[in-house]
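Dumped start12.txt below, it's compact mmCIF, C-alpha atoms:
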```txt
# COMPACT_ATOMS: atom_id res chain seq x y z
CA MET O 1 -18.80 33.05 29.40
CA ARG O 2 -16.14 35.26 30.97
CA TRP O 3 -17.44 38.56 32.29
CA PHE O 4 -14.76 40.80 30.75
CA TRP O 5 -16.31 43.65 28.80
CA ILE O 6 -13.21 45.71 28.16
CA ASP O 7 -10.19 44.24 26.46
CA ARG O 8 -7.54 46.75 27.40
CA TYR O 9 -6.98 50.25 28.68
CA THR O 10 -5.13 52.58 26.34
CA GLU O 11 -5.12 55.47 28.80
CA PHE O 12 -5.66 55.61 32.55
CA VAL O 13 -5.10 58.76 34.59
CA SER O 14 -5.65 58.27 38.29
CA GLY O 15 -8.63 60.16 39.69
CA SER O 16 -9.44 61.71 36.32
CA HIS O 17 -10.27 59.71 33.22
CA ALA O 18 -9.54 56.57 31.24
CA VAL O 19 -9.91 55.14 27.76
CA ALA O 20 -10.49 51.45 27.12
CA VAL O 21 -11.19 49.42 24.00
CA LYS O 22 -13.27 46.37 23.24
CA GLY O 23 -13.21 44.46 19.99
CA VAL O 24 -16.54 43.00 18.92
CA THR O 25 -16.11 39.58 17.35
CA LEU O 26 -18.20 36.72 16.04
CA ALA O 27 -16.31 34.45 18.45
CA GLU O 28 -18.59 35.84 21.18
CA ASP O 29 -21.54 33.50 21.61
CA HIS O 30 -23.98 36.15 22.70
CA LEU O 31 -23.81 37.92 19.33
CA HIS O 32 -25.38 34.89 17.65
CA ASP O 33 -28.49 35.20 19.80
CA HIS O 34 -28.67 38.97 19.53
CA MET O 35 -29.96 38.99 16.88
CA ALA O 36 -30.16 35.68 15.02
CA GLY O 37 -28.79 36.35 11.52
CA TYR O 38 -27.99 39.98 12.35
CA PRO O 39 -25.41 40.15 15.14
CA ILE O 40 -25.44 43.35 17.20
CA MET O 41 -23.50 44.10 20.35
CA PRO O 42 -26.20 44.38 23.07
CA ASN O 43 -26.37 47.88 24.50
CA SER O 44 -26.66 46.45 28.02
CA LEU O 45 -23.16 45.05 27.52
CA VAL O 46 -21.93 48.37 26.15
CA VAL O 47 -23.07 49.86 29.45
CA GLU O 48 -21.30 47.03 31.28
CA GLY O 49 -18.13 47.93 29.37
CA MET O 50 -18.42 51.56 30.44
CA ALA O 51 -19.13 50.39 33.99
CA GLN O 52 -16.04 48.19 34.07
CA ALA O 53 -13.86 50.92 32.58
CA GLY O 54 -15.26 53.48 35.03
CA GLY O 55 -15.51 51.13 37.99
CA LEU O 56 -11.80 50.34 37.98
CA LEU O 57 -11.02 54.05 37.60
CA VAL O 58 -13.09 54.72 40.73
CA SER O 59 -11.74 51.69 42.57
CA GLU O 60 -8.17 52.92 42.02
CA ARG O 61 -9.02 56.03 44.05
CA TYR O 62 -9.78 53.68 46.94
CA GLU O 63 -6.48 51.86 46.25
CA PHE O 64 -8.42 48.86 44.89
CA ARG O 65 -9.04 47.92 48.53
CA GLU O 66 -12.80 47.68 48.55
CA LEU O 67 -15.59 46.55 46.35
CA VAL O 68 -16.94 49.18 43.98
CA VAL O 69 -20.20 48.28 42.27
CA LEU O 70 -22.39 49.93 39.68
CA GLY O 71 -25.27 51.28 41.75
CA LYS O 72 -27.21 53.21 39.18
CA LEU O 73 -27.31 54.00 35.52
CA ALA O 74 -28.64 57.54 35.75
CA LYS O 75 -28.81 58.29 32.06
CA ALA O 76 -28.01 56.40 28.86
CA LYS O 77 -28.55 57.20 25.21
CA PHE O 78 -27.68 55.02 22.24
CA HIS O 79 -27.26 56.28 18.71
CA SER O 80 -26.35 53.33 16.49
CA CYS O 81 -25.80 49.58 16.25
CA VAL O 82 -22.40 48.04 16.88
CA ARG O 83 -21.57 45.13 14.58
CA ASN O 84 -18.99 42.38 14.59
CA GLY O 85 -15.61 43.58 13.35
CA GLU O 86 -16.02 46.98 14.98
CA THR O 87 -14.03 48.27 17.94
CA LEU O 88 -15.68 50.11 20.79
CA THR O 89 -13.72 52.83 22.51
CA TYR O 90 -14.96 53.71 25.98
CA ARG O 91 -14.04 57.07 27.47
CA VAL O 92 -14.88 57.50 31.14
CA LYS O 93 -14.38 60.49 33.39
CA ILE O 94 -14.85 60.87 37.13
CA GLU O 95 -17.30 63.73 37.67
CA THR O 96 -17.53 63.53 41.45
CA ILE O 97 -16.07 61.17 43.99
CA ARG O 98 -16.26 60.92 47.75
CA SER O 99 -15.82 58.25 50.42
CA ASP O 100 -19.05 56.37 49.71
CA GLY O 101 -19.35 56.55 45.94
CA ALA O 102 -18.74 58.32 42.67
CA ALA O 103 -20.44 59.68 39.56
CA VAL O 104 -18.82 58.88 36.22
CA SER O 105 -19.68 60.08 32.73
CA GLY O 106 -18.94 57.80 29.83
CA THR O 107 -19.09 57.59 26.06
CA ALA O 108 -18.74 54.72 23.63
CA HIS O 109 -17.44 55.43 20.14
CA VAL O 110 -16.77 53.31 17.09
CA GLY O 111 -14.08 55.32 15.34
CA ASP O 112 -15.48 58.85 15.23
CA ARG O 113 -19.06 57.63 15.50
CA LEU O 114 -20.69 58.31 18.87
CA HIS O 115 -22.56 55.18 19.81
CA ALA O 116 -23.55 55.78 23.43
CA LYS O 117 -23.41 58.28 26.24
CA ALA O 118 -24.14 57.51 29.88
CA THR O 119 -23.91 58.69 33.46
CA LEU O 120 -23.14 56.00 36.01
CA PHE O 121 -23.09 55.95 39.79
CA PHE O 122 -20.85 53.66 41.75
CA ALA O 123 -21.24 52.67 45.37
CA ARG O 124 -18.31 51.72 47.52
CA LEU O 125 -19.10 48.73 49.67
CA GLY O 126 -16.95 48.40 52.75
CA ASP O 127 -16.42 45.63 55.26
CA ALA O 128 -20.04 45.86 56.42
CA ASN O 129 -21.16 44.32 53.14
CA GLU O 130 -18.74 41.45 53.49
CA ALA O 131 -20.04 40.71 56.98
CA LEU O 132 -23.60 40.90 55.70
CA GLN O 133 -23.00 38.56 52.77
CA GLY O 134 -20.89 36.18 54.85
CA GLN O 135 -18.36 35.98 52.04
CA ARG O 136 -16.32 38.12 49.71
CA LEU O 137 -18.03 38.99 46.49
CA PHE O 138 -14.74 39.58 44.78
CA HIS O 139 -11.45 37.94 45.60
CA PRO O 140 -8.40 40.27 45.62
CA ASN O 141 -6.38 37.78 43.59
CA HIS O 142 -8.97 37.85 40.84
CA LEU O 143 -8.92 41.63 40.88
CA ARG O 144 -5.14 41.67 40.60
CA HIS O 145 -5.35 39.27 37.66
CA TRP O 146 -7.98 41.42 35.99
CA LEU O 147 -5.95 44.62 36.41
CA SER O 148 -3.04 42.87 34.80
CA LEU O 149 -5.12 41.54 31.89
CA VAL O 150 -6.47 44.98 30.99
CA GLY O 151 -3.06 46.60 31.23
CA ILE O 152 -3.72 49.17 33.92
CA PHE O 153 -0.13 49.20 35.12
CA GLU O 154 1.17 49.40 31.56
CA VAL O 155 -0.58 52.67 30.72
CA GLY O 156 -1.70 54.03 34.10
CA VAL O 157 -0.27 57.29 35.34
CA HIS O 158 -0.87 59.55 38.32
CA GLN O 159 -2.01 63.10 37.71
CA ASP O 160 1.59 64.35 37.79
CA GLY O 161 2.40 61.97 34.94
CA THR O 162 4.40 59.46 36.97
CA PRO O 163 3.56 55.81 36.25
CA MET O 164 1.25 53.87 38.52
CA LYS O 165 3.05 50.86 39.95
CA GLU O 166 1.41 47.66 41.11
CA LYS O 167 3.63 47.53 44.18
CA ASP O 168 2.19 50.86 45.39
CA TYR O 169 -1.19 49.22 45.94
CA PRO O 170 -2.06 46.72 48.67
CA LEU O 171 -2.76 44.16 45.93
CA THR O 172 0.64 42.56 46.47
CA GLU O 173 -0.46 41.66 49.99
CA CYS O 174 -2.97 39.33 48.38
CA ALA O 175 -0.26 37.16 46.87
CA THR O 176 -0.57 34.53 49.58
CA ASP O 177 -4.37 34.45 49.51
CA PRO O 178 -5.86 31.24 48.13
CA ALA O 179 -7.16 31.73 44.59
CA MET Y 1 -28.94 84.15 49.41
CA ALA Y 2 -31.44 82.00 47.52
CA SER Y 3 -35.12 82.45 48.33
CA GLU Y 4 -37.30 79.58 49.48
CA ASP Y 5 -38.85 79.34 46.00
CA GLU Y 6 -35.46 79.30 44.29
CA ILE Y 7 -34.29 76.52 46.59
CA PHE Y 8 -37.44 74.50 45.95
CA GLU Y 9 -37.10 74.87 42.17
CA LYS Y 10 -33.48 73.68 42.19
CA VAL Y 11 -34.26 70.81 44.56
CA ARG Y 12 -37.18 69.84 42.33
CA GLU Y 13 -34.91 69.90 39.28
CA ALA Y 14 -32.39 67.67 41.07
CA LEU Y 15 -35.09 65.20 42.09
CA VAL Y 16 -36.68 65.10 38.64
CA GLU Y 17 -33.28 64.38 37.08
CA ALA Y 18 -32.12 61.89 39.71
CA LEU Y 19 -35.36 59.97 40.20
CA GLY Y 20 -36.96 60.26 36.77
CA VAL Y 21 -40.18 61.60 38.26
CA ASP Y 22 -42.47 64.27 36.80
CA ASP Y 23 -42.30 67.90 37.96
CA ASP Y 24 -45.74 67.79 39.50
CA GLU Y 25 -44.91 64.73 41.61
CA VAL Y 26 -42.30 66.75 43.48
CA THR Y 27 -44.36 68.63 46.05
CA PRO Y 28 -43.06 69.87 49.42
CA GLU Y 29 -45.05 67.17 51.22
CA ALA Y 30 -43.91 64.27 49.03
CA THR Y 31 -41.71 61.77 50.84
CA LEU Y 32 -38.50 60.84 49.08
CA GLN Y 33 -38.65 57.10 49.59
CA GLY Y 34 -42.37 56.62 50.05
CA ASP Y 35 -43.79 58.84 47.30
CA LEU Y 36 -40.84 59.35 44.96
CA ASP Y 37 -39.35 55.84 45.25
CA ALA Y 38 -35.84 57.04 46.02
CA GLU Y 39 -33.42 54.22 46.82
CA SER Y 40 -30.20 54.53 48.80
CA ILE Y 41 -27.99 54.96 45.71
CA ASP Y 42 -30.31 57.77 44.56
CA PHE Y 43 -29.30 59.79 47.62
CA LEU Y 44 -25.74 59.87 46.31
CA ASP Y 45 -27.03 61.08 42.95
CA ILE Y 46 -29.23 63.71 44.62
CA VAL Y 47 -26.41 64.90 46.89
CA PHE Y 48 -24.02 65.30 43.94
CA ARG Y 49 -26.63 67.30 42.05
CA LEU Y 50 -27.36 69.55 45.03
CA GLU Y 51 -23.64 70.15 45.58
CA LYS Y 52 -23.27 71.27 41.97
CA SER Y 53 -26.46 73.25 41.82
CA PHE Y 54 -25.95 75.19 45.08
CA ASP Y 55 -22.15 75.13 45.16
CA ILE Y 56 -22.13 73.49 48.58
CA LYS Y 57 -20.26 70.53 50.06
CA ILE Y 58 -22.34 67.79 51.64
CA GLU Y 59 -20.44 65.28 53.74
CA ARG Y 60 -21.43 61.63 54.04
CA GLY Y 61 -24.17 61.19 56.64
CA GLU Y 62 -25.04 64.87 56.76
CA LEU Y 63 -28.37 64.62 54.99
CA PHE Y 64 -29.17 61.14 56.25
CA PRO Y 65 -27.24 60.16 59.40
CA GLU Y 66 -27.10 56.43 58.80
CA ASP Y 67 -24.30 56.12 61.38
CA ILE Y 68 -26.81 56.90 64.14
CA LEU Y 69 -29.29 54.36 62.79
CA THR Y 70 -26.67 51.62 62.85
CA ASN Y 71 -25.21 52.48 66.26
CA VAL Y 72 -26.24 50.03 69.01
CA GLU Y 73 -25.96 52.86 71.52
CA TYR Y 74 -28.89 54.59 69.84
CA VAL Y 75 -30.97 51.70 68.55
CA GLU Y 76 -32.81 49.06 70.58
CA ASP Y 77 -34.99 46.35 69.02
CA GLY Y 78 -35.05 48.17 65.70
CA LYS Y 79 -36.20 51.43 67.28
CA VAL Y 80 -34.25 54.60 67.92
CA ASN Y 81 -34.08 55.28 71.68
CA ASP Y 82 -34.31 58.65 73.45
CA SER Y 83 -30.57 59.31 73.18
CA GLY Y 84 -30.77 58.47 69.48
CA ILE Y 85 -33.70 60.84 68.97
CA ALA Y 86 -31.76 63.59 70.74
CA LYS Y 87 -28.77 62.89 68.51
CA LEU Y 88 -30.96 62.92 65.38
CA ARG Y 89 -32.47 66.25 66.42
CA GLU Y 90 -28.98 67.65 66.84
CA ARG Y 91 -27.80 66.35 63.48
CA MET Y 92 -31.01 67.03 61.54
CA PRO Y 93 -32.22 70.46 62.66
CA PHE Y 94 -33.64 70.89 59.16
CA ALA Y 95 -36.07 67.94 59.40
CA ASP Y 96 -39.45 67.70 61.04
CA LEU Y 97 -39.05 64.58 63.19
CA THR Y 98 -42.39 64.79 64.98
CA LYS Y 99 -43.95 61.96 63.00
CA PHE Y 100 -40.84 59.83 63.33
CA GLU Y 101 -40.73 60.27 67.10
CA ALA Y 102 -44.22 58.79 67.38
CA GLU Y 103 -43.03 55.57 65.69
CA PRO Y 104 -39.21 55.63 65.72
CA SER Y 105 -38.54 52.39 63.81
CA VAL Y 106 -35.21 52.71 62.02
CA GLN Y 107 -36.71 52.23 58.56
CA ASN Y 108 -39.28 54.98 59.15
CA LEU Y 109 -36.75 57.80 59.08
CA GLY Y 110 -35.97 57.42 55.39
CA GLN Y 111 -39.63 56.78 54.62
CA GLN Y 112 -40.68 60.05 56.22
CA LEU Y 113 -38.03 62.41 54.87
CA THR Y 114 -39.87 64.91 52.65
CA VAL Y 115 -38.96 67.27 49.83
CA LYS Y 116 -39.59 70.10 52.28
CA ASP Y 117 -37.01 68.57 54.66
CA MET Y 118 -34.55 68.50 51.81
CA CYS Y 119 -35.21 72.16 50.97
CA ASN Y 120 -34.70 73.02 54.65
CA PHE Y 121 -31.46 71.07 54.59
CA VAL Y 122 -30.19 73.13 51.63
CA ALA Y 123 -31.26 76.40 53.32
CA PHE Y 124 -29.49 75.21 56.49
CA LYS Y 125 -26.31 74.49 54.50
CA LEU Y 126 -26.47 77.82 52.65
CA ALA Y 127 -26.84 79.69 55.93
CA ALA Y 128 -23.92 77.85 57.56
```

Go ahead and render the structure in this file as structure tokens.
Amino acid sequence: MRWFWIDRYTEFVSGSHAVAVKGVTLAEDHLHDHMAGYPIMPNSLVVEGMAQAGGLLVSERYEFRELVVLGKLAKAKFHSCVRNGETLTYRVKIETIRSDGAAVSGTAHVGDRLHAKATLFFARLGDANEALQGQRLFHPNHLRHWLSLVGIFEVGVHQDGTPMKEKDYPLTECATDPA
Amino acid sequence: MASEDEIFEKVREALVEALGVDDDEVTPEATLQGDLDAESIDFLDIVFRLEKSFDIKIERGELFPEDILTNVEYVEDGKVNDSGIAKLRERMPFADLTKFEAEPSVQNLGQQLTVKDMCNFVAFKLAA
């Protein structure tokens, strides 16, 4: 299984907010186990979708240089069941951000229906973590590929409305890294 | 200027929200990590709530000076040395470090930080 829980950003404003969508389909194996005969998108994966949408928004503030991980799900409330054939729209907003982490609020809607609301905390792991683990948890090339898949540089803008460009981030320096 | 009681009430509210503990568990003597099970990521949550609630700015390492605890100049064999203690006293005038000084293992600092210390920290910031 590939760990991609957003399909594409439709809006991405640096340092502020983003909107991403995820189509729920019967082609996803996990739906057939949750629940057998009555497929429902697991709420844990809805949270993961919000975390991915919000995590990249936070990571962009650090120029995608360092690992940003979901540290804490401070609050989460779910209001419905999401079925196959529905599209989740995640809206995430940076509430507070500083050098070591960020707080993000998020919602998940299906159309106009509010499905979930959450507050997430992200921790920024610097070089110390890499030294501790003895290896990189996340390869820059994979990150670059992911950003491209979810269309960040197609819809992303800075707060003054100018487009975000891939070349403005140190990601291009990773081009010679082994995949 | 907020009174001691007002500060305690707002700190309690922040801790209840951030740690999911009950009101009555948050007493001045309760330790954040030992009694209230706060983990490192919770400190970020708590700091953000305190900033909002008291309209103050808390820089990284201000409440919990982890840079001192990871500096080889101040730590020997897992214990904070005399220079480190002096540095901690300078950086944490709001905390009662007496107990820590008796057994200055690095991990003990977080274990011994109390709700009262946190209230003192906020009062210290408000007075600055």

Handout entry: Residue neighbourhood segment 24-27 of chain Y, 10 Å, only C-alpha atoms, exclusion window fewer than 5 positions, as an MDAnalysis selection string
Key = chainID Y and resid 8:9 11:13 15:16 32 35:36 114:116

Please, which residues in chain O fall within 10 Å of chain Y when counting all atoms listed in the file, and what is the closest atom pair and distance in Å to one decimal for each, ordered by chain then residue number, as a Markdown table?
```
| residue | atom | partner | partner_atom | distance |
| --- | --- | --- | --- | --- |
| O:Leu70 | CA | Y:Ile41 | CA | 9.6 |
| O:Gly71 | CA | Y:Ile41 | CA | 6.1 |
| O:Lys72 | CA | Y:Ile41 | CA | 6.8 |
| O:Ala74 | CA | Y:Ala18 | CA | 6.8 |
| O:Lys75 | CA | Y:Glu17 | CA | 9.1 |
| O:Glu95 | CA | Y:Phe48 | CA | 9.3 |
| O:Thr96 | CA | Y:Phe48 | CA | 7.2 |
| O:Ile97 | CA | Y:Phe48 | CA | 9.0 |
| O:Arg98 | CA | Y:Arg60 | CA | 8.2 |
| O:Ser99 | CA | Y:Arg60 | CA | 7.5 |
| O:Asp100 | CA | Y:Arg60 | CA | 7.2 |
| O:Gly101 | CA | Y:Leu44 | CA | 7.2 |
| O:Ala102 | CA | Y:Leu44 | CA | 8.0 |
| O:Ala103 | CA | Y:Asp45 | CA | 7.5 |
| O:Leu120 | CA | Y:Asp45 | CA | 9.4 |
| O:Phe121 | CA | Y:Asp45 | CA | 7.2 |
| O:Phe122 | CA | Y:Ile41 | CA | 8.3 |
| O:Ala123 | CA | Y:Ile41 | CA | 7.1 |
```

Handout entry: Residues near Val75 of chain Y, cut-off 10 Å, only C-alpha atoms, skip fewer than 4 positions along chain, as an MDAnalysis selection string
Key = chainID Y and resid 68:71 79:85 104:106

Exercise for the section: Go through O:Pro170, O:Gly156, O:Gly37, O:Gly55 one by one, measure the shortest atom-to-atom distance of each to Ser14 of chain O using all atoms listed in the file, and give the residue with the smallest value. Expected result: O:Gly156

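The gap separating atom CA of Glu90 of chain Y from atom CA of Thr31 of chain Y is 21.3 Å, in Å to one decimal.
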
Practice task
Check the smallest atom-to-atom distance from each of O:Tyr62, O:Cys81, O:Glu86, O:Ser105 to Leu171 of chain O using all atoms listed in the file, then report the winner.
Solution key: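 Between O:Tyr62, O:Cys81, O:Glu86, O:Ser105, the residue approaching Leu171 of chain O most closely is O:Tyr62.
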